[in-house]
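Chemist: The structure that follows is given in the form of structure tokens.
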Amino acid sequence: MYKYLFSVLIYIKELVCRQTEDPENPQLSKDGDIVLGGIFSFHSSWKDRQETFKHKPLPLECTSLNFRDFQFAQAMIFAIEEINNSTDLLPGISLGYKMYDTCGSVARSVRAALALANGNEAVSAPTEEQCTKPAQVQAIIGETSSSPCLAIATVIGPFYIPLISHFATCACLSDKTKYPSFLRTIPSDYYQSRALAQLVKHFGWTWVGAIRSNNDYGNNGMATFTETAQQLGICLEYSVSFFRTDPPDKIRKIIDIIKASTSKVIVAFLSHMDMDVLIHELSKHNLTGYQWVGSESWIFDSQTPLNSSGHEIFTELWETLFTCKFKETESSTGNERECTGHEDLTGVQNGFTDMSLMPIFNNVYKAVYAVAHALHSILGCNKTCQYKGQLDPLTILQHIKTINFKTKEGDEVYFNQNGDPAAKYEIINWQPTENGIVDFVTVGLYDASLPADKQLKLQNKSLVPVSVCSEKCPSGTRKVLQKGKPVCCYDCIRCAEGEISKTTDSITCARCQPEFWSNERRDACVKKEAEFLSYEEIMGVLLTATSLFGTCMTVGVAIIFFRHRKSPIVRANNSELSFLLLFSLTLCFLCSLTFIGRPSDWSCMLRHTAFGITFVLCISCVLGKTMVVLMAFRATLPGSNVMKWFGPVQQRLSVLAFTLIQVVICVLWLSISPPFPFKNFKQFKDKIILECALGSALGFWAVLGYIGLLAILCFILAFLARKLPDNFNEAKFITFSMLIFCAVWITFIPAYVSSPGKFSVAVEIFAILASSFGLLICTFIPKCYIILLKPEKNTKKNMMGKGSPKSL
């Protein structure tokens, strides 16, 4: 037993630190005093294998050459060589590099990162040394995509090896608690997603489709875009995701969704490799007429609009870029072609020499220079640098976070607390040229550091397609959401009467002020027509003419009576009361004019009080005349002494007393709650009825009630005197006049209440005129007939000669 334990211990003692996997060798490398790592995807995909789990999995077999990342690698080499040749930055220090191809695989990216951190020696340490050593590189430039960067940053984060990406934009990488050593020279998608949403809103596209890469870059970026789009009133008709290695059936399903959609704008949050796959499939179905809004991952790629795989171009450039001694046998002739290393690339026109990706190349350039400036600061470089061996990655990371410099082109380079640069974007528009090449034209700028209303600037707003679920609701309408559909799908409902909407896409209609009404288009409030009985309209003219005619007629009768005041018929009918009655009738005709015209404070108070007092004066005179007739015939009876109690003085006092009662009622009415001008908005929707409010309804009906009481009393007395001798009997004419008077005012009440607007005023004027004409005609026209046409009957003998009084 002891021997067994001893042998085990001896075995452990002799064990060395040995790499168990095959060494991971860089695709491009160069020695230097300080080595920088590079992780790029020289290939964009790999062959899918079905593992049997019976033997060790084979390494990934990479496919689809990726020109873009090869260009990024060349940009890194260029920056390193420029620094090595500089006397101002890191003098005396040479930078080297080790660059790995990951094929776009997350697992292979992690493997490359570990290789850069640990080295690839077969034996890591002799038996007497520890199996630990400093990091092999001081910083890593890459990866191009967000998902590999997430994995790499997670693995090397605890070692604080700086990872500076030139193109990983996922906002999730700004979390320094998870990814403490990650930095980037491209802005976060937190800003790009919002910039895309504002751009879509700027062009009025509220109904869009969305396609994203099914990875951290696409999913996180589209989530932020969707959130911002909803805040800006933009709706997504569909939102789908895919990855370039997905089965063809899934890609075709996305094509079917695009075909079935009604939106004409597609927001594509895709990597350029995924975009190439999608465009290739779109070209098969001849889908055109769509406006694509793209993220910077593919919008800069000149090969995307050409839909070129680039394989043939890449093979040609590999020959020209290196002294590769690469030979190609031509099948027809068997001739060989060999690279000399002196080929001139200035005249080559292909994807590799295209400089449309220069902003991203510049991001790689900035990343290398950021590391160089940090090293320059750490080493205290002046004319020379004090380099004494391996540096601590944490020290380098801390210095990179604080650098602030400008490139030769004047671009300022610095990192905020999240390791992100300032968020500024160019708005690029693809414009095809005559020779079939797509020209990338900068048409605007987005600067997240500016206030919200000034962040997006576009040079011009060219003609763009319309992409909305529902057309804009014009002014005069409001939006009503369609049941079961997004908020961008709605119907336009015309505003109701009295309501307007002045703007397009209004969600509510505003009600007009009480004195205004909506116009026919429902987009403006117009002042309501003020309606009142005017002197200028036909009805007002007719009523005025009738009133004046009645006045003239009354004055004419008064003149006739005055000229024949000594005639028997005038004297026999109490000439004094007759003239007073004619005067009151003249006032009755004239008071109707106060009801015509725009109501005012004075006209409202005058029209009702003048009407009430003049009619009471009129009825009082008629009542006095009726009582005189009755008293006169009573006085002829034996032993009757009644006339001494109802002589001229008593007649005047009775008229005055009856009238004063009405005056008191009117004074009380005016004192407590007088009539006043009133704007009636309720009776008609589109009109303002200018009328006189009664103030106190009790006062109004007291005035009318008192007039009615006197009229009924007068009618009763006149009815009792109807059988008196004809020549002396004025009572039967008064009976007719009171009958007309009462009939008019009894029918006035329901007509007045039910008549709308100015017609109620016209009804009141008609009642005044009708009752006045009734009194005038029934009381005075028979007498005028005798005076003017039958003068032979206008004698005292004729007045006294017929019949004897009949007993009542």
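Letters A, B, ... go to the chains of the structure tokens in the order shown; residues in each chain start at 1; ligands are counted from 1 in the same order.
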Write out, as a tab-separated table, each residue of range 710-798 of chain A that has an atom at most 8 Å from range 555-570 of chain A, together with the closest pair of atoms and their distance in Å to one decimal, counting only C-alpha atoms, rows going by chain and rising number.
Modeler:
```
residue	atom	partner	partner_atom	distance
A:Phe780	CA	A:Val557	CA	7.3
A:Lys783	CA	A:Ile569	CA	7.1
A:Cys784	CA	A:Val557	CA	7.2
A:Ile787	CA	A:His564	CA	7.7
A:Asn794	CA	A:Ile569	CA	5.8
A:Thr795	CA	A:Pro568	CA	5.7
A:Lys796	CA	A:Pro568	CA	5.5
```
Chemist: Write a file of the just-selected residues containing N, CA and C atoms, as a short mmCIF file (atom, residue, chain, number, x, y, z; two decimals), in the first residue's frame.
Modeler:
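Writing done, so here's result.cif:
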```cif
data_model
loop_
_atom_site.label_atom_id
_atom_site.label_comp_id
_atom_site.auth_asym_id
_atom_site.auth_seq_id
_atom_site.Cartn_x
_atom_site.Cartn_y
_atom_site.Cartn_z
N PHE A 780 -113.70 102.04 -33.42
CA PHE A 780 -113.74 103.34 -34.07
C PHE A 780 -114.16 103.31 -35.54
N LYS A 783 -117.88 104.19 -36.25
CA LYS A 783 -118.16 105.61 -36.03
C LYS A 783 -117.60 106.45 -37.18
N CYS A 784 -116.39 106.10 -37.62
CA CYS A 784 -115.81 106.84 -38.76
C CYS A 784 -116.66 106.65 -40.00
N ILE A 787 -119.47 109.05 -39.61
CA ILE A 787 -119.03 110.43 -39.73
C ILE A 787 -118.72 110.79 -41.17
N ASN A 794 -125.56 111.21 -38.26
CA ASN A 794 -124.77 111.83 -37.19
C ASN A 794 -125.51 113.03 -36.64
N THR A 795 -126.73 112.75 -36.07
CA THR A 795 -127.55 113.83 -35.51
C THR A 795 -128.00 113.42 -34.13
N LYS A 796 -128.31 114.41 -33.33
CA LYS A 796 -128.77 114.13 -31.97
C LYS A 796 -130.11 113.42 -31.98
#
```
Chemist: Name the residues of range 602-724 of chain A that come out as alpha helix (DSSP H) in a backbone DSSP run; write them as a VMD selection string.
Modeler: chain A and resid 602 to 635 648 to 672 697 to 720
Chemist: Counting only C-alpha atoms, figure out which residue out of A:Lys424, A:Arg511, A:His280, A:Lys366 gets nearest to Glu409 in chain A.
Modeler: A:Lys366
Chemist: Write out as a list in words which residues come within 10 Å of Cys170 in chain A when counting only C-alpha atoms, dropping same-chain ones fewer than 6 positions away.
Modeler: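 Result of the neighbour search: Ser145, Ser146, Ser147, Cys149, Leu150, Pro187, Ser188, Asp189, Tyr190, Gln192, Asn215, Asp216, Tyr217, Gly218, Asn219, Asn220 and Gly221 of chain A.
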Chemist: Let me see the file: selected residues, N, CA, C and O atoms, as a compact mmCIF listing (two decimals), in the first residue's frame.
Modeler:
```
# COMPACT_ATOMS: atom_id res chain seq x y z
N SER A 145 -17.99 40.88 -34.81
CA SER A 145 -19.38 40.70 -34.42
C SER A 145 -19.53 40.75 -32.90
O SER A 145 -18.58 40.53 -32.16
N SER A 146 -20.79 41.00 -32.47
CA SER A 146 -21.06 41.17 -31.04
C SER A 146 -21.02 39.86 -30.28
O SER A 146 -20.47 39.78 -29.18
N SER A 147 -21.62 38.80 -30.84
CA SER A 147 -21.69 37.53 -30.10
C SER A 147 -20.32 36.97 -29.77
O SER A 147 -20.07 36.58 -28.62
N CYS A 149 -17.62 38.68 -29.41
CA CYS A 149 -17.04 39.60 -28.42
C CYS A 149 -17.58 39.33 -27.03
O CYS A 149 -16.85 39.44 -26.03
N LEU A 150 -18.87 39.00 -26.93
CA LEU A 150 -19.45 38.67 -25.63
C LEU A 150 -18.72 37.48 -25.01
O LEU A 150 -18.39 37.48 -23.81
N PRO A 187 -19.72 53.32 -31.95
CA PRO A 187 -20.76 53.58 -30.95
C PRO A 187 -21.64 52.38 -30.68
O PRO A 187 -21.78 51.48 -31.51
N SER A 188 -22.27 52.40 -29.52
CA SER A 188 -23.18 51.33 -29.12
C SER A 188 -24.48 51.39 -29.91
O SER A 188 -24.93 52.47 -30.34
N ASP A 189 -25.08 50.22 -30.09
CA ASP A 189 -26.38 50.16 -30.76
C ASP A 189 -27.47 50.85 -29.97
O ASP A 189 -28.57 51.09 -30.49
N TYR A 190 -27.19 51.17 -28.72
CA TYR A 190 -28.16 51.94 -27.93
C TYR A 190 -28.51 53.23 -28.67
O TYR A 190 -29.65 53.68 -28.67
N GLN A 192 -27.52 53.75 -32.11
CA GLN A 192 -27.84 53.47 -33.50
C GLN A 192 -29.32 53.09 -33.66
O GLN A 192 -29.98 53.53 -34.60
N ASN A 215 -28.81 36.78 -33.40
CA ASN A 215 -27.67 36.74 -32.49
C ASN A 215 -27.77 37.95 -31.56
O ASN A 215 -28.75 38.70 -31.61
N ASP A 216 -26.77 38.13 -30.74
CA ASP A 216 -26.83 39.22 -29.76
C ASP A 216 -26.92 40.58 -30.45
O ASP A 216 -27.64 41.47 -29.98
N TYR A 217 -26.20 40.75 -31.53
CA TYR A 217 -26.21 42.01 -32.26
C TYR A 217 -27.62 42.34 -32.77
O TYR A 217 -28.17 43.42 -32.49
N GLY A 218 -28.21 41.39 -33.49
CA GLY A 218 -29.52 41.65 -34.08
C GLY A 218 -30.63 41.73 -33.06
O GLY A 218 -31.49 42.61 -33.12
N ASN A 219 -30.66 40.80 -32.11
CA ASN A 219 -31.75 40.74 -31.15
C ASN A 219 -31.76 41.94 -30.22
O ASN A 219 -32.81 42.54 -29.97
N ASN A 220 -30.59 42.32 -29.70
CA ASN A 220 -30.52 43.47 -28.80
C ASN A 220 -30.78 44.77 -29.55
O ASN A 220 -31.49 45.66 -29.06
N GLY A 221 -30.19 44.91 -30.74
CA GLY A 221 -30.39 46.13 -31.51
C GLY A 221 -31.83 46.32 -31.92
O GLY A 221 -32.38 47.43 -31.81
```
Chemist: Which residues come within 9 Å of Ile161 in chain A, counting only C-alpha atoms, excluding same-chain residues fewer than 2 positions away, as an MDAnalysis selection string?
Modeler: chainID A and resid 117 135 137:140 153 156:159 163 181:182 392:394 396:397
Chemist: Okay, now the selection with all heavy atoms, as a compact mmCIF listing (two decimals), in the first residue's frame?
Modeler:
```txt
# COMPACT_ATOMS: atom_id res chain seq x y z
N ALA A 117 -3.88 34.62 -25.09
CA ALA A 117 -3.57 34.88 -23.68
C ALA A 117 -2.50 33.93 -23.14
O ALA A 117 -1.65 34.33 -22.34
CB ALA A 117 -4.85 34.75 -22.85
N ALA A 135 0.43 37.13 -19.75
CA ALA A 135 -0.29 37.07 -21.02
C ALA A 135 0.68 37.28 -22.17
O ALA A 135 1.62 38.07 -22.08
CB ALA A 135 -1.38 38.13 -21.06
N VAL A 137 -0.09 38.52 -25.13
CA VAL A 137 -0.36 39.79 -25.82
C VAL A 137 -0.85 40.81 -24.80
O VAL A 137 -1.42 40.46 -23.77
CB VAL A 137 -1.40 39.61 -26.94
CG1 VAL A 137 -0.87 38.71 -28.04
CG2 VAL A 137 -2.71 39.05 -26.39
N GLN A 138 -0.60 42.09 -25.09
CA GLN A 138 -0.99 43.15 -24.17
C GLN A 138 -2.39 43.70 -24.46
O GLN A 138 -2.97 44.38 -23.63
CB GLN A 138 0.03 44.29 -24.22
CG GLN A 138 1.17 44.12 -23.24
CD GLN A 138 1.95 42.84 -23.48
OE1 GLN A 138 2.47 42.59 -24.56
NE2 GLN A 138 2.03 42.00 -22.45
N ALA A 139 -2.91 43.43 -25.63
CA ALA A 139 -4.27 43.87 -25.99
C ALA A 139 -4.70 43.07 -27.21
O ALA A 139 -3.88 42.56 -27.97
CB ALA A 139 -4.32 45.37 -26.29
N ILE A 140 -6.03 42.96 -27.38
CA ILE A 140 -6.60 42.23 -28.51
C ILE A 140 -7.51 43.18 -29.29
O ILE A 140 -8.36 43.86 -28.70
CB ILE A 140 -7.38 41.00 -28.05
CG1 ILE A 140 -6.47 40.04 -27.29
CG2 ILE A 140 -8.05 40.29 -29.23
CD1 ILE A 140 -7.22 38.85 -26.69
N ALA A 153 -14.94 38.49 -24.25
CA ALA A 153 -14.85 39.41 -23.10
C ALA A 153 -15.14 38.69 -21.79
O ALA A 153 -14.59 39.02 -20.74
CB ALA A 153 -15.80 40.57 -23.30
N ILE A 156 -11.73 36.52 -21.10
CA ILE A 156 -10.50 37.24 -20.76
C ILE A 156 -10.73 38.40 -19.81
O ILE A 156 -9.77 39.02 -19.34
CB ILE A 156 -9.80 37.77 -22.04
CG1 ILE A 156 -10.64 38.87 -22.70
CG2 ILE A 156 -9.53 36.63 -23.02
CD1 ILE A 156 -9.93 39.55 -23.85
N GLY A 157 -12.02 38.67 -19.49
CA GLY A 157 -12.32 39.77 -18.57
C GLY A 157 -11.65 39.63 -17.23
O GLY A 157 -11.06 40.59 -16.71
N PRO A 158 -11.66 38.45 -16.62
CA PRO A 158 -11.00 38.30 -15.31
C PRO A 158 -9.50 38.55 -15.34
O PRO A 158 -8.89 38.84 -14.31
CB PRO A 158 -11.31 36.84 -14.93
CG PRO A 158 -12.56 36.51 -15.69
CD PRO A 158 -12.44 37.25 -16.98
N PHE A 159 -8.86 38.43 -16.53
CA PHE A 159 -7.43 38.69 -16.65
C PHE A 159 -7.14 40.14 -17.05
O PHE A 159 -5.98 40.53 -17.15
CB PHE A 159 -6.82 37.74 -17.69
CG PHE A 159 -7.09 36.29 -17.40
CD1 PHE A 159 -7.99 35.56 -18.17
CD2 PHE A 159 -6.45 35.65 -16.35
CE1 PHE A 159 -8.23 34.23 -17.91
CE2 PHE A 159 -6.70 34.31 -16.09
CZ PHE A 159 -7.60 33.60 -16.85
N LEU A 163 -9.77 44.27 -24.63
CA LEU A 163 -10.35 43.82 -25.89
C LEU A 163 -11.03 45.03 -26.53
O LEU A 163 -12.01 45.54 -26.00
CB LEU A 163 -11.36 42.70 -25.65
CG LEU A 163 -12.17 42.24 -26.87
CD1 LEU A 163 -11.25 41.59 -27.90
CD2 LEU A 163 -13.29 41.27 -26.46
N SER A 181 -13.12 44.49 -19.28
CA SER A 181 -11.96 44.84 -20.12
C SER A 181 -12.36 45.15 -21.57
O SER A 181 -11.50 45.29 -22.43
CB SER A 181 -10.95 43.68 -20.12
OG SER A 181 -11.49 42.53 -20.75
N PHE A 182 -13.69 45.26 -21.85
CA PHE A 182 -14.13 45.49 -23.22
C PHE A 182 -14.23 46.99 -23.52
O PHE A 182 -14.79 47.76 -22.73
CB PHE A 182 -15.48 44.84 -23.47
CG PHE A 182 -16.00 45.08 -24.86
CD1 PHE A 182 -15.56 44.31 -25.93
CD2 PHE A 182 -16.92 46.09 -25.11
CE1 PHE A 182 -16.02 44.53 -27.22
CE2 PHE A 182 -17.39 46.32 -26.39
CZ PHE A 182 -16.94 45.54 -27.45
N ASP A 392 1.79 44.66 -17.30
CA ASP A 392 0.58 44.17 -16.66
C ASP A 392 -0.64 44.60 -17.48
O ASP A 392 -0.85 45.80 -17.71
CB ASP A 392 0.49 44.73 -15.24
CG ASP A 392 -0.78 44.28 -14.55
OD1 ASP A 392 -1.33 43.23 -14.94
OD2 ASP A 392 -1.24 44.98 -13.63
N PRO A 393 -1.49 43.66 -17.95
CA PRO A 393 -2.65 44.03 -18.76
C PRO A 393 -3.59 45.01 -18.06
O PRO A 393 -4.18 45.87 -18.70
CB PRO A 393 -3.34 42.69 -19.03
CG PRO A 393 -2.26 41.67 -18.89
CD PRO A 393 -1.35 42.19 -17.82
N LEU A 394 -3.74 44.87 -16.73
CA LEU A 394 -4.63 45.77 -16.00
C LEU A 394 -4.14 47.21 -16.10
O LEU A 394 -4.95 48.14 -16.26
CB LEU A 394 -4.74 45.34 -14.53
CG LEU A 394 -5.60 46.23 -13.63
CD1 LEU A 394 -7.02 46.30 -14.16
CD2 LEU A 394 -5.58 45.72 -12.19
N ILE A 396 -2.38 48.47 -18.53
CA ILE A 396 -2.67 48.93 -19.90
C ILE A 396 -4.14 49.30 -20.04
O ILE A 396 -4.50 50.33 -20.62
CB ILE A 396 -2.28 47.83 -20.91
CG1 ILE A 396 -0.79 47.52 -20.81
CG2 ILE A 396 -2.64 48.25 -22.32
CD1 ILE A 396 -0.36 46.36 -21.68
N LEU A 397 -5.03 48.45 -19.48
CA LEU A 397 -6.47 48.72 -19.56
C LEU A 397 -6.81 50.05 -18.91
O LEU A 397 -7.59 50.85 -19.46
CB LEU A 397 -7.24 47.58 -18.89
CG LEU A 397 -8.76 47.74 -18.80
CD1 LEU A 397 -9.38 47.80 -20.19
CD2 LEU A 397 -9.38 46.60 -17.98
```
